[in-house]
Amino acid sequence: MKHPLIDQLVDRVDDALVNYFRDKDLTCHPLDRAMEYSVLAGGKRMRPLLTLVACYELGGSLDEAIAFSLAPELLHTYSLIHDDLPSMDDDDMRRGKPTNHKVFGEANAILAGDALQTEAIQIIASAPHSHLDDEKRITMIKELCLASGRRGMVAGQVMDMEAAGKEMDVDRLVKLHQRKTGALIRYSVRLGAMLGNADESQLLDLTAYGQSLGLLFQVVDDLLDVEGDSGLLGKTAGKDVDQNKATFPKLIGLEASRKFADGLLDEALQALTRLPQQEKLLGSLANYVRHREY
C-alpha cells in the first residue's frame with residue numbers, strides 16, 4: 001500500500017492506539033498490559049484503514065473518524081487472542097511475537113479478549129463527533145454486535161472448529177468465512193460510510209465492496225498458509241494443513257483459489273464504480289489485499 005495518505009493513516013491509528021492505552025492500571029492486575037500487548041504488536045491495521053478511507057472518500061472528517069476506527073481493530077484483536085488459545089487454534093506466534101496466552105497465561109488472555117470486546121462497543125457509544133445523532137450511533141453499535149456475535153464472527157469461529165477434519169463443500173466454506181473474517185471487514189467499511197454520511201445507494205455499494213473484500217481477505221489467507229513464509233506472516237505457516245482444516249486450496253486447489261480471489265477482487269472494484277472517490281484508495285486497498293505477502 002504505497003500511498004502517502006495510507007501511510008499517514010496507519011501512523012495515526014498506531015498513535016491513537018498508543019494513546020488509548022496510556023492510562024493503564026499497573027498496580028494490581030495484568031489486564032491492561034495483556035490488552036496493550038496484543039493491540040500494539042503491529043499488524044496491517046486493515047479494519048481501521050477501511051473505516052477511515054471509506055469516510056475520507058465520501059468527504060467525511062478523518063479527525064473525527066480516527067477514534068471510531070479503533071473499535072473494529074480492538075474487536076479484531078480480541079478475536080485473534082481467543083483464536084490462538086489452546087482450546088481453539090493453539091498457536092504460539094502472532095504478529096511475530098509469542099501469543100497472548102504464552103505471555104500472560106490462558107485465563108488472562110481470555111479476559112483481555114473479553115475486555116477488548118467491550119472497549120470496542122464503548123468507543124462507538126462514546127467517541128465524540130460533531131454531527132452524529134443518537135439513532136446513527138445506535139445503528140453502528142447494533143451492526144458491530146451483529147458482525148461480531150452469534151450471526152457473525154463468533155458463529156464463523158464455531159463453524160471453523162466444527163469443520164476440522166470433516167468434509168465440507170465450497171458453499172459452506174464461503175458462508176463460514178463470510179462470518180468469521182468477512183463480517184467485521186464489511187462492518188469496518190460500513191462504519192466509515194456512515195461516518196462519511198453515505199446515502200442509501202452509496203452504503204449499498206460500499207457494503208457490496210466490503211462483502212467481496214472480506215471473503216477475498218480469507219481466500220488470500222488460505223493461499224498464504226500454503227505458499228507464505230512464517231517470518232513474513234508473523235504466524236505459523238502451514239497451520240491449517242496440520243490441523244486438517246477446510247480451506248479453499250484444499251477444496252478447489254491452488255490455481256482455482258487464485259482465480260476465485262481474482263474474481264472477488266473484480267467484484268470489489270466493480271462495486272466502487274459509482275462512488276465519488278477522491279483518490280480511489282478503496283480500490284488500492286482491495287488490490288493490496290489480493291496481492292499481499294503477509
# chains A, B, ... in the order shown; residues from 1 in each chain; ligands from 1

$ residues_around --residues "Gly263 (chain A)" --least-positions-apart "6" --cutoff "10 Å" --atoms "only C-alpha atoms" --output "list in words"
Ser212, Leu216, Ser257 and Leu269 of chain A

$ residues_around --residues "Ala107 (chain A)" --least-positions-apart "5" --cutoff "10 Å" --atoms "only C-alpha atoms" --output "list in words"
Leu85, His101 and Ala112 of chain A

$ atom_distance --atom1 "CA of Tyr288 (chain A)" --atom2 "CA of Leu203 (chain A)"
22.2 Å

$ residues_around --residues "Pro30 (chain A)" --least-positions-apart "6" --cutoff "12 Å" --atoms "only C-alpha atoms" --output "ChimeraX atom specification"
/A:24,36-37,100,103-105,107-109,111-112

$ closest_atom_pairs --of "region 123-157 of chain A" --to "region 185-191 of chain A" --cutoff "10 Å" --atoms "only C-alpha atoms" --output "tab-separated table"
residue	atom	partner	partner_atom	distance
A:Ile124	CA	A:Leu191	CA	9.7
A:Arg137	CA	A:Leu191	CA	9.9
A:Thr139	CA	A:Leu191	CA	9.6
A:Met140	CA	A:Leu191	CA	6.6
A:Ile141	CA	A:Leu191	CA	9.7
A:Glu143	CA	A:Tyr187	CA	7.0
A:Leu144	CA	A:Tyr187	CA	6.7
A:Cys145	CA	A:Tyr187	CA	9.9
A:Leu146	CA	A:Tyr187	CA	9.1
A:Ala147	CA	A:Tyr187	CA	6.5
A:Ser148	CA	A:Tyr187	CA	9.3

$ write_last_selection --atoms "N, CA and C atoms" --output "mmCIF file, in the first residue's frame"
data_model
loop_
_atom_site.group_PDB
_atom_site.id
_atom_site.type_symbol
_atom_site.label_atom_id
_atom_site.label_comp_id
_atom_site.auth_asym_id
_atom_site.auth_seq_id
_atom_site.Cartn_x
_atom_site.Cartn_y
_atom_site.Cartn_z
ATOM 1 N N ILE A 124 -17.653 3.154 20.187
ATOM 2 C CA ILE A 124 -18.733 3.589 19.300
ATOM 3 C C ILE A 124 -19.800 4.358 20.075
ATOM 4 N N ARG A 137 -25.686 6.405 15.811
ATOM 5 C CA ARG A 137 -24.726 5.799 16.735
ATOM 6 C C ARG A 137 -25.238 4.438 17.223
ATOM 7 N N THR A 139 -27.259 2.510 15.568
ATOM 8 C CA THR A 139 -27.130 1.619 14.416
ATOM 9 C C THR A 139 -25.709 1.068 14.316
ATOM 10 N N MET A 140 -24.722 1.918 14.533
ATOM 11 C CA MET A 140 -23.322 1.485 14.499
ATOM 12 C C MET A 140 -23.036 0.431 15.562
ATOM 13 N N ILE A 141 -23.586 0.614 16.746
ATOM 14 C CA ILE A 141 -23.382 -0.350 17.837
ATOM 15 C C ILE A 141 -24.076 -1.667 17.503
ATOM 16 N N GLU A 143 -24.823 -2.882 14.588
ATOM 17 C CA GLU A 143 -24.133 -3.577 13.500
ATOM 18 C C GLU A 143 -22.808 -4.180 13.962
ATOM 19 N N LEU A 144 -22.125 -3.512 14.890
ATOM 20 C CA LEU A 144 -20.895 -4.084 15.446
ATOM 21 C C LEU A 144 -21.203 -5.391 16.169
ATOM 22 N N CYS A 145 -22.271 -5.394 16.943
ATOM 23 C CA CYS A 145 -22.654 -6.614 17.665
ATOM 24 C C CYS A 145 -23.065 -7.719 16.699
ATOM 25 N N LEU A 146 -23.792 -7.367 15.646
ATOM 26 C CA LEU A 146 -24.199 -8.368 14.660
ATOM 27 C C LEU A 146 -22.990 -8.950 13.929
ATOM 28 N N ALA A 147 -22.030 -8.097 13.597
ATOM 29 C CA ALA A 147 -20.848 -8.550 12.861
ATOM 30 C C ALA A 147 -19.964 -9.451 13.706
ATOM 31 N N SER A 148 -20.006 -9.273 15.019
ATOM 32 C CA SER A 148 -19.073 -9.997 15.880
ATOM 33 C C SER A 148 -19.693 -11.149 16.659
#

$ closest_residue --among "A:Ser38, A:Ser69, A:Ser79, A:Gln117" --to "Thr51 (chain A)" --atoms "only C-alpha atoms"
A:Ser69

$ residues_around --residues "Asp221 (chain A)" --least-positions-apart "4" --cutoff "10 Å" --atoms "only C-alpha atoms" --output "ChimeraX atom specification"
/A:215-217,225-228,233,247-248,289-290,292-294

$ residues_around --residues "Leu49 (chain A)" --least-positions-apart "6" --cutoff "10 Å" --atoms "only C-alpha atoms" --output "PyMOL selection string"
chain A and resi 6-7+9-10+13+55+66+69-70+73+188-189+192+281-282+285

$ atom_distance --atom1 "CA of Arg94 (chain A)" --atom2 "CA of Gly42 (chain A)"
9.6 Å

$ select_by_dssp --residues "region 62-241 of chain A" --states "strand (DSSP E or B)" --output "PyMOL selection string"
chain A and resi 93-94+97-98

$ write_last_selection --atoms "C-alpha atoms" --output "PDB file, in the first residue's frame"
ATOM      1  CA  MET A  93       3.114 -16.922  17.427  1.00  0.00           C
ATOM      2  CA  ARG A  94       1.049 -13.936  16.331  1.00  0.00           C
ATOM      3  CA  LYS A  97       5.571 -12.338  18.831  1.00  0.00           C
ATOM      4  CA  PRO A  98       4.551 -15.022  21.329  1.00  0.00           C
TER       5      PRO A  98
END

$ decode --residues "region 140-239 of chain A" --atoms "C-alpha atoms" --output "compact mmCIF listing (two decimals), in the first residue's frame"
# COMPACT_ATOMS: atom_id res chain seq x y z
CA MET A 140 -23.32 1.49 14.50
CA ILE A 141 -23.38 -0.35 17.84
CA LYS A 142 -26.06 -2.81 16.68
CA GLU A 143 -24.13 -3.58 13.50
CA LEU A 144 -20.90 -4.08 15.45
CA CYS A 145 -22.65 -6.61 17.66
CA LEU A 146 -24.20 -8.37 14.66
CA ALA A 147 -20.85 -8.55 12.86
CA SER A 148 -19.07 -10.00 15.88
CA GLY A 149 -21.65 -12.17 17.61
CA ARG A 150 -23.72 -15.31 17.12
CA ARG A 151 -24.57 -14.49 13.49
CA GLY A 152 -21.13 -13.09 12.67
CA MET A 153 -17.53 -13.65 13.69
CA VAL A 154 -18.17 -15.91 16.68
CA ALA A 155 -20.52 -18.09 14.63
CA GLY A 156 -17.80 -18.37 11.98
CA GLN A 157 -15.27 -19.46 14.59
CA VAL A 158 -17.63 -22.17 15.84
CA MET A 159 -18.23 -23.36 12.27
CA ASP A 160 -14.46 -23.41 11.71
CA MET A 161 -13.80 -25.56 14.78
CA GLU A 162 -16.63 -27.96 13.97
CA ALA A 163 -15.40 -28.36 10.39
CA ALA A 164 -11.90 -29.56 11.32
CA GLY A 165 -11.29 -32.99 9.86
CA LYS A 166 -14.76 -33.18 8.27
CA GLU A 167 -15.97 -33.00 4.70
CA MET A 168 -17.19 -29.56 3.64
CA ASP A 169 -18.41 -28.10 0.37
CA VAL A 170 -17.35 -24.74 -1.01
CA ASP A 171 -20.69 -23.04 -0.36
CA ARG A 172 -20.50 -23.80 3.36
CA LEU A 173 -16.85 -22.69 3.48
CA VAL A 174 -17.85 -19.39 1.88
CA LYS A 175 -20.58 -18.91 4.50
CA LEU A 176 -18.11 -19.77 7.27
CA HIS A 177 -15.63 -17.13 6.19
CA GLN A 178 -18.24 -14.52 5.40
CA ARG A 179 -18.92 -14.74 9.12
CA LYS A 180 -15.52 -15.43 10.67
CA THR A 181 -13.47 -12.93 8.65
CA GLY A 182 -15.80 -11.11 6.31
CA ALA A 183 -18.40 -9.76 8.72
CA LEU A 184 -16.04 -7.46 10.61
CA ILE A 185 -14.34 -6.28 7.42
CA ARG A 186 -17.73 -5.46 5.92
CA TYR A 187 -18.67 -3.65 9.12
CA SER A 188 -15.46 -1.61 9.05
CA VAL A 189 -16.38 -0.34 5.58
CA ARG A 190 -19.96 0.40 6.59
CA LEU A 191 -18.78 2.22 9.71
CA GLY A 192 -16.67 4.54 7.57
CA ALA A 193 -19.54 5.02 5.14
CA MET A 194 -21.87 6.05 7.96
CA LEU A 195 -19.26 8.43 9.36
CA GLY A 196 -18.92 9.87 5.85
CA ASN A 197 -22.70 10.40 5.73
CA ALA A 198 -23.23 7.97 2.85
CA ASP A 199 -26.63 7.97 1.20
CA GLU A 200 -28.57 4.72 0.78
CA SER A 201 -27.13 3.94 -2.67
CA GLN A 202 -23.55 4.61 -1.57
CA LEU A 203 -24.00 2.46 1.52
CA LEU A 204 -25.26 -0.43 -0.61
CA ASP A 205 -22.29 -0.15 -2.98
CA LEU A 206 -19.81 0.01 -0.10
CA THR A 207 -21.49 -2.95 1.57
CA ALA A 208 -21.03 -4.97 -1.63
CA TYR A 209 -17.39 -3.88 -1.73
CA GLY A 210 -16.88 -4.91 1.90
CA GLN A 211 -18.61 -8.26 1.32
CA SER A 212 -16.31 -9.16 -1.57
CA LEU A 213 -13.23 -7.80 0.18
CA GLY A 214 -13.90 -9.77 3.37
CA LEU A 215 -14.05 -13.07 1.53
CA LEU A 216 -11.06 -12.10 -0.63
CA PHE A 217 -9.03 -11.48 2.53
CA GLN A 218 -9.70 -15.03 3.71
CA VAL A 219 -9.04 -16.71 0.37
CA VAL A 220 -5.66 -14.96 0.25
CA ASP A 221 -5.05 -16.01 3.87
CA ASP A 222 -5.66 -19.62 2.84
CA LEU A 223 -3.24 -19.26 -0.06
CA LEU A 224 -0.59 -17.71 2.18
CA ASP A 225 -0.95 -20.55 4.67
CA VAL A 226 0.21 -22.86 1.86
CA GLU A 227 2.60 -20.60 -0.02
CA GLY A 228 3.64 -17.96 2.54
CA ASP A 229 6.67 -17.63 4.78
CA SER A 230 6.22 -17.77 8.56
CA GLY A 231 8.74 -14.95 9.01
CA LEU A 232 6.71 -12.62 6.79
CA LEU A 233 3.35 -13.82 8.05
CA GLY A 234 4.25 -13.33 11.72
CA LYS A 235 2.43 -16.59 12.49
CA THR A 236 2.90 -20.27 11.75
CA ALA A 237 2.53 -21.08 8.06
CA GLY A 238 1.02 -24.50 7.27
CA LYS A 239 -1.09 -24.50 10.42
